[in-house]
Amino acid sequence: MSAAQTAQILADSLSMASKTPRFVLSARVNGPSSSAAVFQVFSAAVAGLVRPGSCWRIEVAGLQSQAATLGNNLSIEVRANGSLLATDVVSTGTTAQTDRGWSASFLVRFGALATAVRSRSLMIVRGQTAGGRTLEGTLSSAPNDITVSVANSQVDAACSASVVDCAIYEDASQYIDIALPPLVFNGATSLVNWGAYGQLTLPISSAAVAPALGTADTIAHTRLPTASGADYASRYFFNPFNARAVGVEPSTLPYPKNATIFYVPISGNGRSSASGSIACQVREQLTLGSNATGWTMPGTHEHSGLVQPTRFGEPVAEDSGPSQMVICQFRALESSVVPFALHVAAEAGATTVSIFGRVRHDPNNVPLSAGPYAGTTQHDGDAVLKVARGAKFGYRVRVVDGVATLEIATGNLTGSAWPYGADKVQQLMAWDYAPQWAAGYSFQFRTGLQLFDTADKFQGAGELVYHRLSSVHAAPVMWRAPASVYPLGGFDLTLPVAVVGAGPPRTFTASGVYVSDAAAVVSASTNAPLSAYGSEFFYLDNADAIVFVAPSNGATTTPQPPNTANTNPRSSNSEHTRSELVERYSGPGAQGSDWDSGIGGRFVGQCIVDACAANSGQVTFAQIHGQGSPPFVLMVWRKSSNRVEAKVYRSRADTSSANAVTYIVKTGVLLGDTIAYDIRYAGDKLVIIVNGAATTLQGDYAEGEGPQLATGWAGTPVRFSAGAYHSPDTGVGNVDNRDNPAGDKTQVRYEQFSIVHPYAHP
């Protein structure tokens with residue numbers, strides 16, 4: 001460092017001083033020879049000048065000369081009211097030289113925790129040495145003076161300090177106005193009624209002095225903002241526009257009007273008893289004033305929010321990794337293990353952040369014994385969504401009878417409730433928490449900002465803007481089981497969900513969830529087989545009709561593993577989500593669970609297409625399917641032409657659309673009209689009747705020779721199926737089972753059906 005560079009420190013300080021009257025010291029001295037161990041002490045009187053939230057900088061620089069090779073280290077101490085706050089050691093080298101430059105810089109922040117919750121001030125001193133060490137110190141009250149001493153830590157007569165500069169000044173750009181007494185909302189609250197939600201946990205501890213950790217301070221729900229106003233706000237939880245204070249420390253983005261800010265400094269010294277991390281977080285209270293009440297897995301529990309992460313920790317170590325915050329979780333009152341947490345991670349310098357869910361498998365951290373995550377106690381969701389750094393996104397965590405799903409909404413988010421007017425809604429994960437978490441545990445949602453960054457690897461703070469928040473709890477919905485009216489003992493049910501489970505007795509496979517009267521189950525609360533199963537995808541309505549629902553964003557059969565570009569499970573050979581009963585034949589001549597044309601079958605049904613997904617031009621409501629993957633006959637209602645078609649595949653070897661022949665069976669069938677059909681198949685003859693109109697296919701297929709049937713299907717194992725089969729159409733809209741409008745679905749209502757085996761044509 002040259003003499004000119006050293007002098008620039010003072011010039012910069014004087015420039016800062018011109019912006020604020022709180023410049024208290026700018027001095028230069030000529031250092032004596034090394035015969036004196038401490039060769040300079042700078043003292044600044046700051047009594048009455050330090051305002052709460054103000055930040056002060058201490059700059060020390062010098063030129064060191066030495067004639068020998070013994071070397072010298074300089075020791076720098078910062079004290080307030082005589083108490084040592086921090087030290088730094090500067091090496092001036094081991095070679096003979098003249099005017100070797102050195103410098104040290106400190107930042108002092110006063111009164112950042114001086115609120116009604118914590119009456120004393122906190123002073124933090126930070127400095128960076130060549131080795132990257134962070135220097136910190138604390139003070140129980142605002143100081144009357146600050147002293148800086150520069151000393152030789154190795155006495156060497158050949159060394160001297162030619163010049164030492166020191167500047168002590170307030171840095172107005174770092175000022176935080178925390179406005180003692182605490183911020184007052186004056187009746188104007190944020191968009192979230194926090195007082196009706198629960199208790200607030202702070203990232204500070206009144207019982208400990210930083211950097212030591214203590215039990216986090218909490219704020220009762222009665223002091224949180226409500227429609228009628230409340231008295232609590234602080235640097236960690238505030239509404240910047242409605243609060244009395246202005247000049248809040250700038251975020252990376254402008255603060256939005258009427259939002260709620262959660263702020264967690266990495267140097268915070270408060271933690272909950274169950275976690276070593278620090279948080280500014282609201283804990284749900286089902287009974288306000290009590291933390292002892294939670295919800296259980298049965299029923300529907302939904303938690304949604306519209307958020308905007310605006311600040312992440314800044315890495316200071318090569319192995320820091322990404323800065324991570326948790327913005328939502330649900331926790332068990334009876335276990336310190338967190339079943340679910342929504343993470344947001346930011347790599348240093350990246351323009352995007354990653355959003356993902358994290359699942360803990362067992363309340364006692366017992367590794368799973370089976371399934372795709374066997375041997376593990378936790379896993380991150382298979383799908384990771386990236387959004388622009390600083391962008392808003394919505395989330396919804398939904399727990400229905402023990403099955404939890406995580407959805408993320410992105411785009412132009414302006415709505416007041418989920419999905420906030422999103423352009424896209426994507427499901428990132430689904431997890432079945434039974435049987436491990438099903439019995440003996442109760443839960444609470446928590447929201448806000450929990451920071452996983454540690455002071456040895458990060459500096460700065462995390463910050464999160466909350467625009468909206470909602471939690472809804474409902475008793476278990478008593479979906480009426482179709483098997484209570486219809487004999488379904490000979491069927492499996494395929495559902496449009498791809499839930500990964502924790503193991504027996506549930507059977508969740510790559511092809512979705514199969515429910516039968518034999519083994520597999522889906523209900524976390526009852527472990528009920530198909531004979532007692534009903535859900536939002538398969539239930540009886542008030543007229544005893546079976547309702548099949550296939551959401552366009554649902555899962556499909558034989559899905560590929562989800563990834564960052566494919567956030568819903570999706571098939572390599574099908575984009576069709578479905579809620580569908582699949583026949584399991586067990587009579588004479590059964591081939592596995594199928595029958596063939598020698599046995600014959602008749603399928604009579606009456607259904608109504610209630611809804612056709614926006615991205616689809618058709619609904620498949622019944623079919624004859626070959627054993628394995630090949631379809632044989634698809635019964636389709638087409639939206640554009642209001643007609644019922646039979647799509648017949650010429651051979652089981654080629655399942656492409658080019659290999660299918662479409663026959664128009666009935667025209668003039670509108671959405672909501674009754675479709676009464678009769679499908680008869682035996683030998684080489686197929687008869688399809690819809691609302692009295694019949695199409696007969698018989699004999700070997702030949703191009704251009706009328707409705708004929710390929711004899712290649714003779715003797716091939718097949719089965720009947722019925723339900724709602726969502727079939728995306730190229731040219732109509734999105735052909736995939738993701739990024740579709742929220743709530744979009746295909747729905748079919750069955751008023752009656754029956755299957756007969758064996759069957760022979762009259």
# chains A, B, ... in the order shown; residues from 1 in each chain; ligands from 1

$ residues_around --residues "region 351-353 of chain A" --least-positions-apart "3" --cutoff "10 Å" --atoms "only C-alpha atoms" --output "PyMOL selection string"
chain A and resi 309+322-324+344-348+384-391

$ write_last_selection --atoms "C-alpha atoms" --output "PDB file, in the first residue's frame"
ATOM      1  CA  PRO A 309     -37.050 -14.310  -0.854  1.00  0.00           C
ATOM      2  CA  PRO A 322     -25.645 -22.641  -1.154  1.00  0.00           C
ATOM      3  CA  SER A 323     -27.401 -20.382   1.318  1.00  0.00           C
ATOM      4  CA  GLN A 324     -30.567 -22.175   2.481  1.00  0.00           C
ATOM      5  CA  VAL A 344     -35.184 -22.353  -0.933  1.00  0.00           C
ATOM      6  CA  ALA A 345     -31.482 -22.454  -1.802  1.00  0.00           C
ATOM      7  CA  ALA A 346     -29.299 -19.854  -3.517  1.00  0.00           C
ATOM      8  CA  GLU A 347     -25.815 -20.401  -4.911  1.00  0.00           C
ATOM      9  CA  ALA A 348     -23.441 -17.457  -4.708  1.00  0.00           C
ATOM     10  CA  VAL A 384     -36.451 -29.143  -8.040  1.00  0.00           C
ATOM     11  CA  LEU A 385     -37.947 -25.947  -9.442  1.00  0.00           C
ATOM     12  CA  LYS A 386     -35.778 -22.946 -10.295  1.00  0.00           C
ATOM     13  CA  VAL A 387     -37.166 -19.410 -10.278  1.00  0.00           C
ATOM     14  CA  ALA A 388     -35.506 -16.055 -10.795  1.00  0.00           C
ATOM     15  CA  ARG A 389     -33.722 -14.667  -7.760  1.00  0.00           C
ATOM     16  CA  GLY A 390     -36.004 -12.164  -6.037  1.00  0.00           C
ATOM     17  CA  ALA A 391     -39.141 -13.415  -7.822  1.00  0.00           C
TER      18      ALA A 391
END

$ closest_residue --among "A:Gly375, A:Gly626, A:Pro298, A:Gly598" --to "Ser651 (chain A)" --atoms "only C-alpha atoms"
A:Gly626

$ atom_distance --atom1 "CA of Ser83 (chain A)" --atom2 "CA of Gly313 (chain A)"
29.7 Å

$ residues_around --residues "Ala317 (chain A)" --least-positions-apart "6" --cutoff "8 Å" --atoms "only C-alpha atoms" --output "list in words"
Asp456, Lys457 and Phe458 of chain A

$ select_by_dssp --residues "region 287-536 of chain A" --states "strand (DSSP E or B)" --output "ChimeraX atom specification"
/A:295,300-311,314-315,323-332,340-346,352-360,378-380,385-388,393-400,403-410,424-432,443-451,458-459,461-474,491-495,500-501,508-509,512-515,535

$ write_last_selection --atoms "C-alpha atoms" --output "short mmCIF file (atom, residue, chain, number, x, y, z; two decimals), in the first residue's frame"
data_model
loop_
_atom_site.label_atom_id
_atom_site.label_comp_id
_atom_site.auth_asym_id
_atom_site.auth_seq_id
_atom_site.Cartn_x
_atom_site.Cartn_y
_atom_site.Cartn_z
CA TRP A 295 -53.81 -31.54 14.00
CA THR A 300 -57.47 -32.19 5.08
CA HIS A 301 -54.82 -29.70 6.20
CA GLU A 302 -53.79 -27.01 3.75
CA HIS A 303 -51.18 -24.28 4.12
CA SER A 304 -50.47 -21.81 1.31
CA GLY A 305 -48.45 -18.65 0.97
CA LEU A 306 -47.25 -16.04 -1.50
CA VAL A 307 -43.61 -15.23 -0.78
CA GLN A 308 -40.55 -13.45 -2.12
CA PRO A 309 -37.05 -14.31 -0.85
CA THR A 310 -35.04 -11.08 -1.10
CA ARG A 311 -31.81 -11.76 0.74
CA GLU A 314 -23.12 -14.36 1.65
CA PRO A 315 -20.53 -17.18 1.63
CA SER A 323 -27.40 -20.38 1.32
CA GLN A 324 -30.57 -22.17 2.48
CA MET A 325 -33.76 -21.03 4.14
CA VAL A 326 -36.91 -22.90 5.15
CA ILE A 327 -40.09 -20.91 4.61
CA CYS A 328 -42.70 -23.48 5.57
CA GLN A 329 -42.82 -26.74 7.48
CA PHE A 330 -45.07 -28.90 9.53
CA ARG A 331 -43.71 -30.33 12.75
CA ALA A 332 -44.82 -32.98 15.21
CA PHE A 340 -41.72 -31.83 5.97
CA ALA A 341 -39.92 -28.59 5.13
CA LEU A 342 -40.01 -26.33 2.08
CA HIS A 343 -36.48 -25.20 1.22
CA VAL A 344 -35.18 -22.35 -0.93
CA ALA A 345 -31.48 -22.45 -1.80
CA ALA A 346 -29.30 -19.85 -3.52
CA THR A 352 -31.95 -18.26 -9.88
CA VAL A 353 -32.89 -20.00 -6.64
CA SER A 354 -33.92 -23.63 -6.18
CA ILE A 355 -37.17 -24.69 -4.51
CA PHE A 356 -37.64 -28.20 -3.18
CA GLY A 357 -39.32 -30.20 -0.43
CA ARG A 358 -37.51 -32.26 2.21
CA VAL A 359 -39.14 -35.29 3.82
CA ARG A 360 -38.12 -37.00 7.06
CA GLN A 378 -34.73 -38.39 4.86
CA HIS A 379 -34.68 -37.32 1.24
CA ASP A 380 -35.15 -34.20 -0.83
CA LEU A 385 -37.95 -25.95 -9.44
CA LYS A 386 -35.78 -22.95 -10.29
CA VAL A 387 -37.17 -19.41 -10.28
CA ALA A 388 -35.51 -16.05 -10.80
CA PHE A 393 -43.83 -17.59 -6.00
CA GLY A 394 -46.77 -19.25 -4.34
CA TYR A 395 -46.73 -22.54 -2.51
CA ARG A 396 -49.33 -24.95 -1.20
CA VAL A 397 -48.66 -27.81 1.19
CA ARG A 398 -51.67 -30.09 1.35
CA VAL A 399 -51.99 -33.08 3.67
CA VAL A 400 -55.03 -35.25 2.92
CA VAL A 403 -50.67 -37.98 1.91
CA ALA A 404 -48.77 -34.70 1.57
CA THR A 405 -48.27 -32.84 -1.71
CA LEU A 406 -46.21 -29.73 -2.48
CA GLU A 407 -47.26 -27.42 -5.31
CA ILE A 408 -45.55 -24.25 -6.53
CA ALA A 409 -47.31 -21.44 -8.42
CA THR A 410 -45.32 -19.12 -10.69
CA LYS A 424 -48.30 -22.31 -13.91
CA VAL A 425 -48.84 -24.67 -11.00
CA GLN A 426 -46.37 -27.51 -10.63
CA GLN A 427 -46.38 -30.39 -8.19
CA LEU A 428 -42.89 -30.98 -6.81
CA MET A 429 -43.51 -33.95 -4.55
CA ALA A 430 -46.00 -36.27 -2.92
CA TRP A 431 -45.34 -38.44 0.08
CA ASP A 432 -47.40 -40.88 2.13
CA PHE A 443 -48.72 -31.44 13.98
CA GLN A 444 -48.44 -27.69 13.51
CA PHE A 445 -47.62 -25.62 10.46
CA ARG A 446 -44.83 -23.08 10.86
CA THR A 447 -44.09 -20.27 8.49
CA GLY A 448 -41.58 -17.47 8.16
CA LEU A 449 -37.82 -17.74 7.79
CA GLN A 450 -35.59 -20.40 9.30
CA LEU A 451 -31.96 -19.95 8.31
CA PHE A 458 -21.75 -17.18 5.80
CA GLN A 459 -22.19 -13.57 6.72
CA ALA A 461 -28.69 -12.23 6.74
CA GLY A 462 -31.66 -13.94 5.21
CA GLU A 463 -34.79 -12.02 4.36
CA LEU A 464 -38.23 -13.10 3.20
CA VAL A 465 -41.25 -11.05 2.15
CA TYR A 466 -44.67 -12.57 2.87
CA HIS A 467 -47.55 -11.22 0.80
CA ARG A 468 -50.24 -13.76 1.67
CA LEU A 469 -50.74 -16.67 4.05
CA SER A 470 -53.59 -19.10 4.65
CA SER A 471 -54.11 -22.25 6.67
CA VAL A 472 -57.23 -24.39 6.45
CA HIS A 473 -58.11 -27.47 8.45
CA ALA A 474 -61.09 -29.68 7.73
CA PHE A 491 -61.50 -54.60 -10.14
CA ASP A 492 -58.34 -52.63 -9.50
CA LEU A 493 -58.41 -48.84 -9.37
CA THR A 494 -55.76 -46.64 -11.01
CA LEU A 495 -55.56 -43.12 -9.58
CA VAL A 500 -44.13 -42.53 -2.77
CA GLY A 501 -44.81 -44.43 0.40
CA PHE A 508 -47.36 -47.73 -4.22
CA THR A 509 -45.78 -48.51 -7.56
CA GLY A 512 -49.38 -44.74 -9.78
CA VAL A 513 -51.45 -46.07 -6.90
CA TYR A 514 -53.25 -49.35 -7.42
CA VAL A 515 -56.02 -50.11 -4.99
CA SER A 535 -61.46 -40.09 -2.45
#

$ closest_residue --among "A:Gly214, A:Gly589, A:Gly490, A:Pro741" --to "Ala422 (chain A)" --atoms "only C-alpha atoms"
A:Pro741
